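> Once you've had a glance at the structure underneath, I'll fire off some questions.
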Amino acid sequence: MKNDLLFDFTVDKQAKTVSITREFDADLSLVWDAFTKKEFLDQWLAPKPMICKTKYMDFEVGGKRFYAMVSPEGQERWVIQEYTSITPKTNFKMYNAFADKDENPELPGSEWNHTFSEEAGTTKVNIVIYNESLERLERILDGFTKGMKMSLSNLENLLATLSKK
């Protein structure tokens, strides 16, 4: 396992964006699957001790994913995502918003742009998240930052396990 993998997390409040660049010691196709298939997403996306459960996912333009992050006490935090653009193994974009259990979004939300590239067996993922509201960004930033770093660490561990198979 490589120890010198890039991990950059940058917040630009003026532009209302969070930019995350993360390298993984895994093939592009495996990393792409980890971001686009519910059976993989449910294994890494929720920061521990929470778990992730996908109610449904239709990974196509106009399709949606509806999932919850569930605390050990059973509290659910629902999220709805709509895929707005997909270029296989290169890029996908989605609109993301918290929601209630009945799929009613809590607006404003955020636009996510995921870009994937591979060089010499290392896959780089660049995620740019544009928040519709600075107030929303500031309200969720601390928890989001900690949670996303934990989630990406979960993904790194999952990829290491899957790469050995």
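In the structure tokens, chains take letters A, B, ... by order of appearance, with residues numbered from 1 within each chain and ligands from 1 in the order shown.
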List the spatial neighbours of stretch 112-122 of chain A as an NGL selection string - criterion: any atom at most 12 Å away, only C-alpha atoms, same-chain residues fewer than 5 positions off excluded.
:A and (1-6 or 17-36 or 81-97 or 127-132 or 156 or 159 or 163)
> Excluding A:Asp42 and residues on its chain fewer than 6 positions from it, collect all residues at most 12 Å away from it, counting only C-alpha atoms, and give them as a list in words.
Asp33, Ala34, Phe35, Thr36, Lys48, Met50, Ile51, Cys52, Lys53, Thr54, Lys55, Tyr56, Met57, Arg65, Phe66, Tyr67, Ala68, Met69, Val70, Ser151, Asn154, Leu155 and Leu158 of chain A
> Among stretch 18-149 of chain A, which residues does DSSP mark as strand (DSSP E) when it is run on the backbone? Keep the chain and numbering as in the structure and answer as JSON, numbers by chain.
{"A": [18, 19, 20, 21, 22, 23, 24, 51, 52, 53, 54, 55, 56, 57, 64, 65, 66, 67, 68, 69, 70, 76, 77, 78, 79, 80, 81, 82, 83, 84, 85, 86, 87, 91, 92, 93, 94, 95, 96, 97, 98, 99, 105, 106, 107, 108, 109, 110, 111, 112, 113, 114, 115, 116, 117, 118, 119, 122, 123, 124, 125, 126, 127, 128, 129, 130, 131]}
> Can you spit out the residues from that selection as a tab-separated table (two decimals), in the first residue's frame, using C-alpha atoms?

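So selection.tsv came out as:
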chain	number	residue	atom	x	y	z
A	18	VAL	CA	-15.37	22.55	-1.11
A	19	SER	CA	-12.73	20.84	-3.27
A	20	ILE	CA	-11.46	17.40	-2.36
A	21	THR	CA	-8.67	15.64	-4.24
A	22	ARG	CA	-7.83	12.14	-3.09
A	23	GLU	CA	-5.62	9.43	-4.57
A	24	PHE	CA	-6.26	5.73	-4.05
A	51	ILE	CA	-23.88	2.94	8.76
A	52	CYS	CA	-25.26	3.75	5.35
A	53	LYS	CA	-28.37	2.15	3.89
A	54	THR	CA	-29.57	2.80	0.36
A	55	LYS	CA	-33.31	2.58	-0.17
A	56	TYR	CA	-32.88	2.79	-3.96
A	57	MET	CA	-30.33	3.86	-6.52
A	64	LYS	CA	-31.73	9.13	-8.14
A	65	ARG	CA	-30.21	7.63	-5.04
A	66	PHE	CA	-32.10	7.84	-1.76
A	67	TYR	CA	-30.20	6.74	1.32
A	68	ALA	CA	-29.84	7.25	5.03
A	69	MET	CA	-26.92	7.48	7.37
A	70	VAL	CA	-28.02	5.66	10.50
A	76	GLU	CA	-31.69	8.34	10.33
A	77	ARG	CA	-30.36	11.28	8.31
A	78	TRP	CA	-31.78	10.94	4.79
A	79	VAL	CA	-30.17	12.26	1.61
A	80	ILE	CA	-31.51	12.41	-1.93
A	81	GLN	CA	-29.23	12.70	-4.94
A	82	GLU	CA	-30.11	13.20	-8.59
A	83	TYR	CA	-27.56	12.33	-11.26
A	84	THR	CA	-27.32	15.17	-13.77
A	85	SER	CA	-24.40	14.03	-15.98
A	86	ILE	CA	-22.45	10.77	-16.38
A	87	THR	CA	-19.38	10.05	-18.50
A	91	ASN	CA	-16.95	12.02	-14.50
A	92	PHE	CA	-20.36	12.23	-12.93
A	93	LYS	CA	-22.34	15.12	-11.51
A	94	MET	CA	-25.22	15.12	-9.09
A	95	TYR	CA	-27.48	17.37	-7.10
A	96	ASN	CA	-27.43	16.49	-3.39
A	97	ALA	CA	-29.84	17.54	-0.64
A	98	PHE	CA	-30.80	16.37	2.82
A	99	ALA	CA	-34.36	15.07	2.92
A	105	PRO	CA	-35.70	17.69	0.09
A	106	GLU	CA	-34.42	20.27	2.57
A	107	LEU	CA	-33.28	23.07	0.33
A	108	PRO	CA	-30.87	24.57	-0.45
A	109	GLY	CA	-28.64	21.70	-1.53
A	110	SER	CA	-25.34	21.30	-3.30
A	111	GLU	CA	-23.98	20.33	-6.70
A	112	TRP	CA	-21.25	17.68	-6.76
A	113	ASN	CA	-18.82	17.18	-9.64
A	114	HIS	CA	-16.71	13.98	-9.46
A	115	THR	CA	-13.75	13.56	-11.85
A	116	PHE	CA	-11.69	10.36	-12.05
A	117	SER	CA	-8.27	9.70	-13.60
A	118	GLU	CA	-5.65	6.96	-13.32
A	119	GLU	CA	-1.90	6.93	-13.63
A	122	THR	CA	-3.13	5.09	-8.75
A	123	THR	CA	-6.59	6.59	-9.19
A	124	LYS	CA	-7.19	10.25	-8.47
A	125	VAL	CA	-10.67	11.46	-7.57
A	126	ASN	CA	-11.42	15.17	-7.61
A	127	ILE	CA	-14.71	16.27	-6.08
A	128	VAL	CA	-15.90	19.87	-6.29
A	129	ILE	CA	-18.99	20.65	-4.22
A	130	TYR	CA	-20.83	23.90	-4.89
A	131	ASN	CA	-23.23	24.95	-2.15
> Within chain A, find each residue whose DSSP state, derived from the backbone, is alpha helix (DSSP H), and express the selection as number ranges by chain.
A: 28-36, 38-44, 134-164
> Rounded to one decimal, what separation in Å do you get between atom CA of A:Lys146 and atom CA of A:Asp102?
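About the pair atom CA of A:Lys146 and atom CA of A:Asp102: they are 27.2 Å apart.
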> Please indicate the distance in Å from atom CA of A:Pro72 to atom CA of A:Thr145, rounded to one decimal place.
20.5 Å
> What is the distance between atom CA of A:Leu152 and atom CA of A:Glu103, in Å to one decimal?
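Separation of atom CA of A:Leu152 and atom CA of A:Glu103: 25.8 Å.
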